[in-house]
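> Just so it is clear, I am handing over structure30.cif, which has mmCIF, C-alpha atoms and all ligand atoms.
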data_protein
#
loop_
_atom_site.label_atom_id
_atom_site.label_comp_id
_atom_site.auth_asym_id
_atom_site.auth_seq_id
_atom_site.Cartn_x
_atom_site.Cartn_y
_atom_site.Cartn_z
CA ILE Y 755 141.85 73.79 139.93
CA ASN Y 756 143.25 77.17 138.94
CA LYS Y 757 141.07 79.81 137.39
CA VAL Y 758 143.12 81.09 134.49
CA LEU Y 759 140.59 83.61 133.21
CA GLU Y 760 137.93 85.54 135.12
CA ILE Y 761 135.31 87.75 133.57
CA ASN Y 762 133.57 89.88 136.17
CA HIS Y 763 130.37 91.81 135.37
CA VAL Y 764 131.62 92.71 131.92
CA LYS Y 765 129.64 94.98 129.64
CA LYS Y 766 130.52 96.00 126.12
CA HIS Y 767 128.17 98.60 124.70
CA PHE Y 768 128.75 100.23 121.31
CA GLU Y 769 127.33 103.64 120.50
CA VAL Y 770 125.47 103.22 117.22
CA GLY Y 771 123.77 106.59 116.97
CA LYS Y 772 122.70 109.51 119.10
CA GLY Y 773 121.86 107.99 122.46
CA ALA Y 774 121.47 104.54 120.87
CA TRP Y 775 123.61 101.79 122.28
CA LEU Y 776 124.12 98.26 121.11
CA LYS Y 777 124.50 96.13 124.20
CA ALA Y 778 126.67 93.40 122.71
CA VAL Y 779 127.69 92.02 126.10
CA ASP Y 780 125.64 92.97 129.12
CA ASN Y 781 126.84 92.10 132.60
CA VAL Y 782 128.47 88.75 131.92
CA SER Y 783 130.49 86.87 134.56
CA PHE Y 784 132.23 83.51 134.31
CA HIS Y 785 135.65 81.96 134.69
CA ILE Y 786 137.72 79.42 132.79
CA ASN Y 787 139.86 76.82 134.56
CA GLU Y 788 143.40 76.08 133.52
CA GLY Y 789 143.55 73.25 130.98
CA GLU Y 790 139.82 73.00 130.33
CA THR Y 791 137.76 73.57 127.22
CA PHE Y 792 135.03 76.07 127.87
CA GLY Y 793 132.30 76.17 125.24
CA LEU Y 794 130.48 79.46 124.65
CA VAL Y 795 127.32 78.93 122.66
CA GLY Y 796 124.58 81.06 121.17
CA GLU Y 797 123.03 82.31 117.93
CA SER Y 798 124.75 85.05 115.95
CA GLY Y 799 124.54 88.41 117.68
CA CYS Y 800 124.45 86.90 121.18
CA GLY Y 801 127.79 88.45 122.14
CA LYS Y 802 130.00 85.38 122.07
CA SER Y 803 132.50 86.75 119.52
CA THR Y 804 132.55 90.12 121.30
CA THR Y 805 133.45 88.23 124.48
CA GLY Y 806 136.30 86.55 122.58
CA ARG Y 807 137.53 89.92 121.34
CA LEU Y 808 137.42 91.39 124.83
CA ILE Y 809 139.66 88.55 126.01
CA MET Y 810 142.01 89.14 123.06
CA ARG Y 811 142.20 92.80 124.18
CA LEU Y 812 140.80 93.88 120.81
CA TYR Y 813 138.07 95.71 122.77
CA GLN Y 814 138.03 97.59 126.06
CA PRO Y 815 135.08 96.66 128.26
CA THR Y 816 132.53 99.43 128.90
CA GLU Y 817 132.29 98.16 132.47
CA GLY Y 818 133.66 95.27 134.49
CA GLU Y 819 137.02 93.53 134.31
CA VAL Y 820 138.77 90.64 132.58
CA LEU Y 821 141.50 88.99 134.66
CA TYR Y 822 144.12 86.64 133.27
CA LYS Y 823 145.97 84.84 136.07
CA GLY Y 824 144.66 87.50 138.41
CA LYS Y 825 145.77 90.51 136.35
CA ASN Y 826 143.41 92.94 134.67
CA ILE Y 827 144.32 92.54 131.00
CA HIS Y 828 142.98 95.94 130.04
CA LEU Y 829 145.35 97.72 132.43
CA LEU Y 830 148.65 96.18 131.33
CA ASN Y 831 151.69 98.27 130.49
CA LYS Y 832 153.29 97.95 127.05
CA ARG Y 833 155.70 95.21 128.08
CA GLU Y 834 152.99 93.19 129.79
CA GLN Y 835 150.75 93.61 126.75
CA PHE Y 836 153.42 92.18 124.49
CA ALA Y 837 153.90 89.18 126.79
CA PHE Y 838 150.13 88.69 127.08
CA ASN Y 839 149.64 88.81 123.30
CA ARG Y 840 151.99 85.89 123.04
CA LYS Y 841 150.08 83.74 125.53
CA ILE Y 842 146.63 84.18 124.01
CA GLN Y 843 146.00 83.20 120.40
CA MET Y 844 142.95 82.97 118.20
CA ILE Y 845 141.77 80.51 115.58
CA PHE Y 846 139.32 82.12 113.20
CA GLN Y 847 136.12 80.90 111.65
CA ASP Y 848 136.99 81.36 108.02
CA PRO Y 849 140.15 79.56 106.89
CA TYR Y 850 139.76 81.21 103.48
CA ALA Y 851 139.75 84.82 104.66
CA SER Y 852 142.19 84.49 107.55
CA LEU Y 853 145.28 83.46 105.55
CA ASN Y 854 147.09 85.96 103.32
CA PRO Y 855 146.77 84.52 99.77
CA ARG Y 856 150.10 86.05 98.69
CA SER Y 857 152.16 84.47 101.46
CA THR Y 858 153.56 80.96 101.53
CA VAL Y 859 152.69 78.67 104.43
CA GLN Y 860 156.25 79.16 105.68
CA GLU Y 861 155.76 82.95 105.75
CA ILE Y 862 152.30 82.72 107.32
CA ILE Y 863 153.42 80.53 110.21
CA SER Y 864 156.72 82.35 110.84
CA GLU Y 865 155.20 85.82 110.87
CA PRO Y 866 154.19 85.81 114.56
CA MET Y 867 157.68 84.52 115.45
CA GLU Y 868 159.25 87.43 113.57
CA VAL Y 869 156.96 89.95 115.26
CA HIS Y 870 157.89 88.56 118.67
CA GLY Y 871 161.58 88.20 117.85
CA LEU Y 872 161.69 84.42 118.36
CA PHE Y 873 164.31 82.41 116.50
CA LYS Y 874 166.19 85.30 114.94
CA ASN Y 875 167.99 82.69 112.85
CA LYS Y 876 166.03 81.96 109.69
CA GLU Y 877 166.96 78.29 109.63
CA GLU Y 878 165.71 77.79 113.19
CA ARG Y 879 162.42 79.40 112.23
CA ARG Y 880 162.16 77.09 109.24
CA GLN Y 881 162.70 74.05 111.46
CA ARG Y 882 160.07 75.34 113.88
CA VAL Y 883 157.58 75.71 111.01
CA TYR Y 884 158.26 72.09 109.98
CA GLU Y 885 157.57 70.93 113.54
CA LEU Y 886 154.35 72.91 113.69
CA LEU Y 887 153.19 71.53 110.34
CA GLU Y 888 153.75 68.01 111.65
CA ASP Y 889 151.89 68.85 114.86
CA VAL Y 890 148.79 69.70 112.82
CA GLY Y 891 148.97 66.72 110.47
CA LEU Y 892 150.70 68.42 107.52
CA ASN Y 893 154.35 68.14 106.52
CA ARG Y 894 157.38 70.12 105.40
CA GLU Y 895 156.55 69.73 101.74
CA HIS Y 896 153.60 72.06 102.38
CA ALA Y 897 155.80 74.92 103.60
CA ASN Y 898 156.48 76.53 100.23
CA ARG Y 899 152.93 76.37 98.92
CA TYR Y 900 150.22 79.02 98.96
CA PRO Y 901 146.83 78.90 100.77
CA HIS Y 902 144.81 78.40 97.57
CA GLU Y 903 146.55 75.07 97.00
CA PHE Y 904 144.87 73.61 100.08
CA SER Y 905 141.40 72.34 101.00
CA GLY Y 906 139.33 74.11 103.68
CA GLY Y 907 140.31 71.58 106.32
CA GLN Y 908 144.00 71.88 105.46
CA ARG Y 909 143.78 75.65 105.57
CA GLN Y 910 142.28 75.49 109.01
CA ARG Y 911 145.23 73.27 110.01
CA ILE Y 912 147.57 76.00 108.74
CA GLY Y 913 145.66 78.56 110.82
CA ILE Y 914 146.00 76.29 113.84
CA ALA Y 915 149.75 75.89 113.23
CA ARG Y 916 150.07 79.66 113.10
CA SER Y 917 148.15 80.01 116.37
CA LEU Y 918 150.65 77.62 118.00
CA ALA Y 919 153.77 79.36 116.69
CA LEU Y 920 154.32 81.38 119.88
CA ASP Y 921 153.71 78.45 122.20
CA PRO Y 922 150.53 79.97 123.70
CA GLU Y 923 148.73 78.98 126.90
CA PHE Y 924 145.21 79.92 125.93
CA ILE Y 925 143.43 79.59 122.59
CA ILE Y 926 140.19 81.20 121.53
CA ALA Y 927 138.63 79.23 118.70
CA ASP Y 928 135.81 81.30 117.19
CA GLU Y 929 133.59 78.84 115.30
CA PRO Y 930 136.69 77.08 113.94
CA ILE Y 931 134.73 74.38 112.11
CA SER Y 932 131.50 76.02 111.01
CA ALA Y 933 132.91 76.99 107.59
CA LEU Y 934 134.18 73.45 106.94
CA ASP Y 935 132.55 70.46 105.29
CA VAL Y 936 130.82 68.22 107.80
CA SER Y 937 133.16 65.40 106.77
CA VAL Y 938 136.25 67.25 107.98
CA GLN Y 939 134.74 68.94 111.05
CA ALA Y 940 135.37 65.97 113.31
CA GLN Y 941 138.98 65.69 112.11
CA VAL Y 942 139.70 69.29 113.04
CA VAL Y 943 137.99 68.87 116.41
CA ASN Y 944 140.05 65.74 117.11
CA LEU Y 945 143.19 67.62 116.15
CA LEU Y 946 142.34 70.41 118.60
CA LYS Y 947 141.73 67.85 121.35
CA LYS Y 948 145.06 66.15 120.65
CA LEU Y 949 146.95 69.47 120.66
CA GLN Y 950 145.29 70.52 123.88
CA LYS Y 951 146.54 67.39 125.61
CA GLU Y 952 150.04 67.55 124.16
CA LYS Y 953 150.56 71.24 124.76
CA LYS Y 954 148.46 71.68 127.93
CA LEU Y 955 146.33 74.39 126.38
CA THR Y 956 143.23 76.06 127.74
CA PHE Y 957 140.48 76.53 125.16
CA LEU Y 958 137.59 78.89 124.74
CA PHE Y 959 135.53 77.26 122.02
CA ILE Y 960 132.88 79.53 120.51
CA ALA Y 961 130.01 77.97 118.56
CA HIS Y 962 126.49 78.77 117.36
CA ASP Y 963 124.97 75.43 118.32
CA LEU Y 964 125.57 72.68 120.82
CA SER Y 965 126.18 69.74 118.50
CA MET Y 966 129.99 69.73 118.42
CA VAL Y 967 130.65 71.70 121.60
CA LYS Y 968 129.01 68.90 123.54
CA HIS Y 969 131.82 66.50 122.66
CA ILE Y 970 134.76 68.73 123.41
CA SER Y 971 133.79 71.04 126.27
CA ASP Y 972 134.26 70.45 129.97
CA ARG Y 973 131.84 73.26 130.80
CA ILE Y 974 129.47 75.25 128.63
CA GLY Y 975 128.02 78.74 128.86
CA VAL Y 976 124.91 79.61 126.85
CA MET Y 977 124.44 83.22 125.71
CA TYR Y 978 121.39 85.03 124.40
CA LEU Y 979 121.26 88.68 123.34
CA GLY Y 980 124.32 89.78 125.29
CA HIS Y 981 123.47 87.80 128.43
CA LEU Y 982 124.77 84.57 129.84
CA VAL Y 983 121.65 82.52 130.58
CA GLU Y 984 123.02 79.17 131.78
CA LEU Y 985 126.37 77.64 132.70
CA THR Y 986 127.28 74.17 133.92
CA SER Y 987 129.35 71.12 133.06
CA SER Y 988 128.83 69.74 129.59
CA SER Y 989 127.34 66.48 130.88
CA ASN Y 990 124.96 68.22 133.27
CA LEU Y 991 123.81 70.64 130.58
CA TYR Y 992 122.70 67.68 128.47
CA LYS Y 993 121.12 65.78 131.31
CA ASN Y 994 119.46 68.66 133.05
CA PRO Y 995 119.10 71.83 130.97
CA LEU Y 996 117.13 74.37 132.99
CA HIS Y 997 116.87 77.52 130.91
CA PRO Y 998 114.12 77.39 128.24
CA TYR Y 999 116.60 78.69 125.66
CA THR Y 1000 119.09 75.92 126.40
CA GLN Y 1001 116.28 73.40 126.17
CA ALA Y 1002 115.37 74.73 122.72
CA LEU Y 1003 119.00 74.65 121.53
CA LEU Y 1004 119.35 71.06 122.73
CA SER Y 1005 116.14 69.96 121.09
CA ALA Y 1006 117.51 71.22 117.75
CA ILE Y 1007 120.44 68.77 117.71
CA PRO Y 1008 119.63 65.77 115.52
CA ILE Y 1009 119.89 62.43 117.31
CA PRO Y 1010 121.31 59.63 115.14
CA ASP Y 1011 119.05 57.02 116.74
CA PRO Y 1012 115.74 57.22 114.80
CA GLU Y 1013 113.78 55.65 117.65
CA ILE Y 1014 114.68 58.45 120.03
CA GLU Y 1015 114.55 61.08 117.28
CA ASP Y 1016 110.93 60.19 116.47
CA LYS Y 1017 109.71 60.41 120.05
CA ARG Y 1018 111.54 63.57 120.84
CA GLU Y 1019 109.78 66.87 121.08
CA ARG Y 1020 111.44 69.62 119.14
CA ILE Y 1021 111.03 73.05 120.70
CA ILE Y 1022 110.54 75.61 117.95
CA LEU Y 1023 111.09 79.15 119.12
CA LYS Y 1024 108.64 81.71 117.81
CA GLY Y 1025 109.76 84.99 116.26
CA GLU Y 1026 113.17 86.46 115.60
CA ILE Y 1027 115.98 87.47 117.91
CA PRO Y 1028 115.18 91.06 118.93
CA SER Y 1029 117.64 93.86 118.14
CA PRO Y 1030 120.36 94.27 120.78
CA ILE Y 1031 119.88 98.03 120.32
CA ASN Y 1032 116.38 97.79 121.71
CA PRO Y 1033 116.25 94.59 123.79
CA PRO Y 1034 113.04 93.54 125.59
CA SER Y 1035 112.49 94.73 129.16
CA GLY Y 1036 112.86 92.21 131.95
CA CYS Y 1037 114.18 88.90 130.65
CA VAL Y 1038 115.71 89.44 127.19
CA PHE Y 1039 114.44 86.02 126.11
CA ARG Y 1040 110.80 86.64 127.06
CA THR Y 1041 109.56 87.53 123.55
CA ARG Y 1042 110.45 84.01 122.39
CA CYS Y 1043 110.14 82.04 125.60
CA PRO Y 1044 107.49 79.30 125.64
CA ALA Y 1045 107.45 79.38 129.46
CA ALA Y 1046 107.31 83.15 130.15
CA ILE Y 1047 105.32 84.35 133.16
CA ASP Y 1048 104.23 87.86 134.28
CA ILE Y 1049 107.38 88.78 136.20
CA CYS Y 1050 109.54 88.10 133.11
CA GLN Y 1051 108.32 91.35 131.55
CA SER Y 1052 109.37 93.65 134.35
CA LYS Y 1053 112.30 92.07 136.16
CA ILE Y 1054 115.69 90.95 134.84
CA PRO Y 1055 116.26 87.42 136.22
CA GLU Y 1056 119.25 87.14 138.51
CA TRP Y 1057 122.25 84.99 137.69
CA LYS Y 1058 122.24 82.35 140.42
CA GLU Y 1059 123.93 79.09 141.27
CA ILE Y 1060 120.92 76.89 141.83
CA GLU Y 1061 122.76 73.63 142.30
CA GLU Y 1062 126.47 73.02 142.62
CA GLU Y 1063 128.28 74.47 139.61
CA HIS Y 1064 125.01 75.05 137.76
CA PHE Y 1065 124.12 78.68 137.10
CA VAL Y 1066 120.98 79.94 135.44
CA ALA Y 1067 119.20 83.26 134.93
CA CYS Y 1068 115.47 82.51 134.81
CA HIS Y 1069 112.48 83.40 137.00
CA LEU Y 1070 111.15 79.84 136.80
CA TYR Y 1071 113.75 78.86 139.39
CA ASN Y 1072 113.11 81.68 141.86
CA ASN Y 1073 111.68 79.22 144.39
CA HIS Y 1074 114.28 76.57 143.83
CA PRO Y 1075 115.81 75.33 147.14
CA GLY Y 1076 119.22 76.61 146.06
CA MET Y 1077 117.76 80.07 145.62
CA ASN Y 1078 116.10 80.00 149.05
CA LYS Y 1079 119.40 79.13 150.66
CA GLU Y 1080 120.88 82.27 149.17
CA ALA Y 1081 117.86 84.37 150.18
CA LEU Y 1082 118.23 83.12 153.76
CA LEU Y 1083 121.91 83.98 153.77
CA THR Y 1084 121.37 87.51 152.50
CA SER Y 1085 118.51 88.19 154.92
CA GLY Y 1086 120.91 87.25 157.73
FE1 LIG O 1 111.43 82.51 130.02
FE2 LIG O 1 110.86 84.11 132.05
FE3 LIG O 1 112.78 82.31 132.29
FE4 LIG O 1 113.10 84.45 130.75
S1 LIG O 1 112.86 84.44 132.94
S2 LIG O 1 113.64 82.37 130.25
S3 LIG O 1 111.06 84.69 129.92
S4 LIG O 1 110.62 81.91 131.99
MG MG O 2 130.57 85.47 115.50
#
Go through the file and emit its structure as structure tokens.


Amino acid sequence: INKVLEINHVKKHFEVGKGAWLKAVDNVSFHINEGETFGLVGESGCGKSTTGRLIMRLYQPTEGEVLYKGKNIHLLNKREQFAFNRKIQMIFQDPYASLNPRSTVQEIISEPMEVHGLFKNKEERRQRVYELLEDVGLNREHANRYPHEFSGGQRQRIGIARSLALDPEFIIADEPISALDVSVQAQVVNLLKKLQKEKKLTFLFIAHDLSMVKHISDRIGVMYLGHLVELTSSSNLYKNPLHPYTQALLSAIPIPDPEIEDKRERIILKGEIPSPINPPSGCVFRTRCPAAIDICQSKIPEWKEIEEEHFVACHLYNNHPGMNKEALLTSG
């Protein structure tokens, strides 16, 4: 398996006043394998969109590095930047706001091709737009219409077609279905899965809850207040969630089977998410954690692999065998 993207100890802090910093992303590390779907999950303000923007090169990290195929994407020269911008594309949350209402579908989808000088011939570009429309379940008759003539789901398909126009390798989908009717969410997710297979894409799928991410992700990272708190395969996260925050997120997903739903304990978190400008000391989740212990107030839990491919940052697992192994290794 090839790591296509590596995020190493990345921080993104914004100055929001004199000496006041908003720690949107605070020492986050993970990688994404080529061809996989990586789900990044957390409530609003957890830093997941900021992480997406760092990967898009819309932000410079305050500290740490983002590598794409081994190259630091924030240190590229102009030519490399242009090539990189072609490989990485984004699908946005709001299919209403992300399409220019005064442009036809044809213009919207060909714009990136014009910017990148692909298909200088207008007729070739037109043909390419027809192909892309078919790829996303629309057709050439839609090319001369305007965004307002389409439903939310169709508009998101247009946004997806635009994201594919430059034949990208890596797609960041930032809550691509949360603005859509529940009835069309699954259709859009199935479309993304189909396109991923056909075009061998790697996906970063950003979402605020685990319900849909569960079905499409190979691995999932859970974020809270700028920190990554747990990361493992999608199936393992559902079978064996270790972080109290992950457990709460999972317990919030409705289960269609009423027999299980009735017996299940729902974990309700107390209080609100604290401000990222003034996060709690120690573990950032401690003010809402039902399992907090003394040490949580003073010490930031370390990010550790406590079983194979299962990372968690929580003091409850300090004495886990996997942790001891590491302690033994470091003490020589
Ligand atoms: Fe809860 Fe402490 Fe674990 Fe944080 S470190 S999640 S406060 S038990
Ligand atoms: Mg967001």

> Tell me, in Å to one decimal, how far CA of Arg899 in chain Y is from atom MG of ligand MG 2 (chain O).

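The value is 29.3 Å.
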
> I'd like a table as JSON lines: residues in chain Y with an atom no more than 10 Å from ligand LIG 1 (chain O), each row giving the shortest atom pair and its distance in Å to one decimal, only C-alpha atoms and all ligand atoms counted, sorted by chain and rising residue number.


{"residue": "Y:Val983", "atom": "CA", "partner": "O:LIG1", "partner_atom": "S2", "distance": 8.0}
{"residue": "Y:Leu996", "atom": "CA", "partner": "O:LIG1", "partner_atom": "FE3", "distance": 9.1}
{"residue": "Y:His997", "atom": "CA", "partner": "O:LIG1", "partner_atom": "S2", "distance": 5.9}
{"residue": "Y:Pro998", "atom": "CA", "partner": "O:LIG1", "partner_atom": "S2", "distance": 5.4}
{"residue": "Y:Tyr999", "atom": "CA", "partner": "O:LIG1", "partner_atom": "S2", "distance": 6.6}
{"residue": "Y:Thr1000", "atom": "CA", "partner": "O:LIG1", "partner_atom": "S2", "distance": 9.3}
{"residue": "Y:Gly1036", "atom": "CA", "partner": "O:LIG1", "partner_atom": "S1", "distance": 7.8}
{"residue": "Y:Cys1037", "atom": "CA", "partner": "O:LIG1", "partner_atom": "FE4", "distance": 4.6}
{"residue": "Y:Val1038", "atom": "CA", "partner": "O:LIG1", "partner_atom": "FE4", "distance": 6.7}
{"residue": "Y:Phe1039", "atom": "CA", "partner": "O:LIG1", "partner_atom": "FE4", "distance": 5.1}
{"residue": "Y:Arg1040", "atom": "CA", "partner": "O:LIG1", "partner_atom": "S3", "distance": 3.5}
{"residue": "Y:Thr1041", "atom": "CA", "partner": "O:LIG1", "partner_atom": "S3", "distance": 7.1}
{"residue": "Y:Arg1042", "atom": "CA", "partner": "O:LIG1", "partner_atom": "S3", "distance": 7.6}
{"residue": "Y:Cys1043", "atom": "CA", "partner": "O:LIG1", "partner_atom": "FE1", "distance": 4.6}
{"residue": "Y:Pro1044", "atom": "CA", "partner": "O:LIG1", "partner_atom": "FE1", "distance": 6.7}
{"residue": "Y:Ala1045", "atom": "CA", "partner": "O:LIG1", "partner_atom": "S4", "distance": 4.8}
{"residue": "Y:Ala1046", "atom": "CA", "partner": "O:LIG1", "partner_atom": "S4", "distance": 4.0}
{"residue": "Y:Ile1047", "atom": "CA", "partner": "O:LIG1", "partner_atom": "FE2", "distance": 5.7}
{"residue": "Y:Asp1048", "atom": "CA", "partner": "O:LIG1", "partner_atom": "FE2", "distance": 7.9}
{"residue": "Y:Ile1049", "atom": "CA", "partner": "O:LIG1", "partner_atom": "FE2", "distance": 7.2}
{"residue": "Y:Cys1050", "atom": "CA", "partner": "O:LIG1", "partner_atom": "FE2", "distance": 4.3}
{"residue": "Y:Gln1051", "atom": "CA", "partner": "O:LIG1", "partner_atom": "S3", "distance": 7.4}
{"residue": "Y:Ser1052", "atom": "CA", "partner": "O:LIG1", "partner_atom": "FE2", "distance": 9.9}
{"residue": "Y:Lys1053", "atom": "CA", "partner": "O:LIG1", "partner_atom": "S1", "distance": 8.3}
{"residue": "Y:Ile1054", "atom": "CA", "partner": "O:LIG1", "partner_atom": "S1", "distance": 7.3}
{"residue": "Y:Pro1055", "atom": "CA", "partner": "O:LIG1", "partner_atom": "S1", "distance": 5.6}
{"residue": "Y:Glu1056", "atom": "CA", "partner": "O:LIG1", "partner_atom": "S1", "distance": 8.9}
{"residue": "Y:Val1066", "atom": "CA", "partner": "O:LIG1", "partner_atom": "FE3", "distance": 9.1}
{"residue": "Y:Ala1067", "atom": "CA", "partner": "O:LIG1", "partner_atom": "S1", "distance": 6.7}
{"residue": "Y:Cys1068", "atom": "CA", "partner": "O:LIG1", "partner_atom": "FE3", "distance": 3.7}
{"residue": "Y:His1069", "atom": "CA", "partner": "O:LIG1", "partner_atom": "S1", "distance": 4.2}
{"residue": "Y:Leu1070", "atom": "CA", "partner": "O:LIG1", "partner_atom": "S4", "distance": 5.3}
{"residue": "Y:Tyr1071", "atom": "CA", "partner": "O:LIG1", "partner_atom": "FE3", "distance": 8.0}
{"residue": "Y:Asn1072", "atom": "CA", "partner": "O:LIG1", "partner_atom": "S1", "distance": 9.3}

> What gap, in Å, lies between CA of Lys802 in chain Y and CA of Pro922 in chain Y?

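Between CA of Lys802 in chain Y and CA of Pro922 in chain Y the gap works out to 21.3 Å.
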
> Which residue is closest to ligand MG 2 (chain O)? Choose from Y:Glu790, Y:Asp780, Y:Glu819, Y:Glu797 and count only C-alpha atoms and all ligand atoms.

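Ranking Y:Glu790, Y:Asp780, Y:Glu819, Y:Glu797 by distance to ligand MG 2 (chain O), first place goes to Y:Glu797.
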
> So how many Å separate CA of Arg879 in chain Y and CA of Gln910 in chain Y, to one decimal?

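Separation between CA of Arg879 in chain Y and CA of Gln910 in chain Y: 20.8 Å.
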
> For Leu853 in chain Y, please output as an MDAnalysis selection string all residues within 12 Å (counting only C-alpha atoms; exclusion window: fewer than 4 positions along the same chain).

chainID Y and resid 845:849 857:863 865 900:902 904 906 908:917

> Report the closest atom pair, with its distance in Å rounded to one decimal, for each residue of chain Y that has an atom no farther than 10 Å from ligand MG 2 (chain O); count all atoms listed in the file, sort by chain and then rising residue number, and write it as a tab-separated table.


residue	atom	partner	partner_atom	distance
Y:Gly796	CA	O:MG2	MG	9.4
Y:Glu797	CA	O:MG2	MG	8.5
Y:Ser798	CA	O:MG2	MG	5.9
Y:Gly799	CA	O:MG2	MG	7.1
Y:Cys800	CA	O:MG2	MG	8.5
Y:Gly801	CA	O:MG2	MG	7.8
Y:Lys802	CA	O:MG2	MG	6.6
Y:Ser803	CA	O:MG2	MG	4.6
Y:Thr804	CA	O:MG2	MG	7.7
Y:Thr805	CA	O:MG2	MG	9.8
Y:Gly806	CA	O:MG2	MG	9.2
Y:Phe846	CA	O:MG2	MG	9.6
Y:Gln847	CA	O:MG2	MG	8.2
Y:Asp928	CA	O:MG2	MG	6.9
Y:Glu929	CA	O:MG2	MG	7.3
Y:Ile960	CA	O:MG2	MG	8.1
Y:Ala961	CA	O:MG2	MG	8.1
Y:His962	CA	O:MG2	MG	8.1

> Would you list the contacts of range 828-840 of chain Y as a PyMOL selection string, taking every protein, DNA or RNA residue within 8 Å and counting only C-alpha atoms, but skipping same-chain residues closer than 6 positions in sequence?

chain Y and resi 810-811+814+819-820+870+920-922

> Have a look at Y:Leu759, Y:Ile809, Y:Met867, Y:Val976 and name the one nearest to Leu1004 in chain Y; count all atoms listed in the file.

Y:Val976

> Would you mind telling me which residue in Y:Glu888, Y:Glu877, Y:Glu984, Y:Glu868 lies nearest to Glu1059 in chain Y when using all atoms listed in the file?

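The closest residue to Glu1059 in chain Y is Y:Glu984.
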